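**Q** Sending over a structure as structure tokens; questions will come in a sec.
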Amino acid sequence: MKTALKGVAVLVTWLAWKHTASLSMCWLFWLTVLTVEMRIRQLNYGVVFLIIGTASNALVTLLNDGVMPVVGMPATVQAMFPIWHMAGAGNRMLILADHASLSYFSVGDLCMQAGSLFLLVTLFKSGLGGRTLQENPEIAPR
């Protein structure tokens with residue numbers, strides 16, 4: 001139940017931030033996410049990558065008044081939500097922003113994806129007890 005409540009808290013704050021692009025909602029969202037991540041008891045590479053990715057995305061959005069600048073975004077493209085906007089001269093920490101050259105991902109997004117993948121692999125392996133599918137006939141596909 002606690003996990004579901006944490007997930008709902010993250011989702012609600014993200015939706016509020018995404019639709020308002022306000023700095024206060026940005027702060028609330030990132031504090032909620034970091035609080036949830038910091039409470040993960042098992043520290044491994046996946047968790048470290050999640051925290052690094054979250055921290056870098058939080059830093060760039062907080063330094064840019066609650067929005068994520070997008071480097072290389074064509075002027076003809078309109079972002080679907082107000083939390084993304086074309087990078088300009090006044091933006092800070094653009095190295096951490098979303099980049100068209102990275103398929104509109106940021107360094108933080110890539111870190112979070114790597115961390116999530118690592119956690120999924122770890123979870124999958126622990127579910128198998130460290131064995132391969134061939135060594136675990138009760139879950140191997142037939």
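Residues in the structure tokens are named by chain (A, B, ... in the order shown) and by number from 1 within that chain; ligands are numbered from 1 in the order shown.
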Please return, as a ChimeraX atom specification, all residues of region 15-71 of chain A that DSSP assigns to helix (DSSP H, G or I) on the basis of the backbone.
**A** /A:15-20,23-38,45-63
**Q** Set the distance at 6 Å and use only C-alpha atoms: which residues neighbour Val67 (chain A) once local chain neighbours fewer than 2 positions away are removed? I'd like the list as a tab-separated table (two decimals) with C-alpha atoms, in the first residue's frame.
**A**
chain	number	residue	atom	x	y	z
A	61	THR	CA	14.62	22.48	-14.42
A	64	ASN	CA	15.44	27.38	-15.48
A	65	ASP	CA	12.35	28.47	-13.52
A	83	ILE	CA	7.37	22.30	-19.06
A	84	TRP	CA	9.47	22.07	-22.25
**Q** Fewer than 5 positions away in the same chain doesn't count, so skip those; otherwise give me all residues within 9 Å of Gly88 (chain A), counting only C-alpha atoms, as a list of chain:residue names.
**A** A:Pro69, A:Val70, A:Val71
**Q** Which residues of region 30-125 of chain A come within 7 Å of region 1-17 of chain A, and what is each one's closest atom pair and distance in Å (one decimal), counting only C-alpha atoms, sorted by chain and residue number, as CSV?
**A**
residue,atom,partner,partner_atom,distance
A:Thr32,CA,A:Val10,CA,6.1
A:Val33,CA,A:Val10,CA,6.1
A:Val36,CA,A:Lys6,CA,6.8
**Q** For Asp98 (chain A), list every protein, DNA or RNA residue within 12 Å, evaluated using only C-alpha atoms, and leave out those in the same chain fewer than 4 positions away; present the list as a list of chain:residue names.
**A**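 Contacts, in chain order: A:Ser56, A:Asn57, A:Val60, A:Thr61, A:Val67, A:Met68, A:Pro69, A:Val70, A:Val71, A:Gly72, A:Met73, A:Ile83, A:Trp84, A:His85, A:Met86, A:Ala87, A:Met93, A:Leu94, A:Leu102, A:Ser103, A:Tyr104, A:Phe105, A:Ser106, A:Val107, A:Gly108, A:Asp109, A:Leu110.
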**Q** Taking the backbone alone, and naming residues the way the document does, which bits of chain A are strand (DSSP E or B) by DSSP, as a PyMOL selection string?
**A** chain A and resi 68-71+84-86+98-99+105
**Q** Hey, can you spit out that residue selection with C-alpha atoms as a JSON list (two decimals), in the first residue's frame?
**A**
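Saved the output as result_12.json:
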[["chain", "number", "residue", "atom", "x", "y", "z"],
["A", 68, "MET", "CA", 13.23, 21.96, -19.24],
["A", 69, "PRO", "CA", 15.06, 23.70, -22.08],
["A", 70, "VAL", "CA", 15.38, 21.71, -25.29],
["A", 71, "VAL", "CA", 18.62, 22.23, -27.23],
["A", 84, "TRP", "CA", 9.47, 22.07, -22.25],
["A", 85, "HIS", "CA", 10.63, 25.05, -24.28],
["A", 86, "MET", "CA", 13.25, 25.87, -26.87],
["A", 98, "ASP", "CA", 17.03, 17.78, -23.36],
["A", 99, "HIS", "CA", 18.90, 17.59, -26.67],
["A", 105, "PHE", "CA", 16.37, 13.05, -24.02]]
**Q** I need the residue nearest Leu119 (chain A) from this list: A:Asn91, A:Thr76, A:Gln42, A:Thr20. Use only C-alpha atoms for the distance.
**A**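 Checking each of A:Asn91, A:Thr76, A:Gln42, A:Thr20 against Leu119 (chain A), counting only C-alpha atoms, the winner is A:Gln42.
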**Q** Quick one: pull the distance between CA of Cys111 (chain A) and CA of Lys18 (chain A), Å, one decimal.
**A** 20.8 Å
**Q** Please compute the CA of Pro74 (chain A)-CA of Met25 (chain A) distance, one decimal, in Å.
**A**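 One can read the CA of Pro74 (chain A) to CA of Met25 (chain A) distance as 26.9 Å.
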**Q** How many Å separate CA of Leu23 (chain A) from CA of Ala114 (chain A)?
**A**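 Taking CA of Leu23 (chain A) and CA of Ala114 (chain A), their separation equals 27.4 Å.
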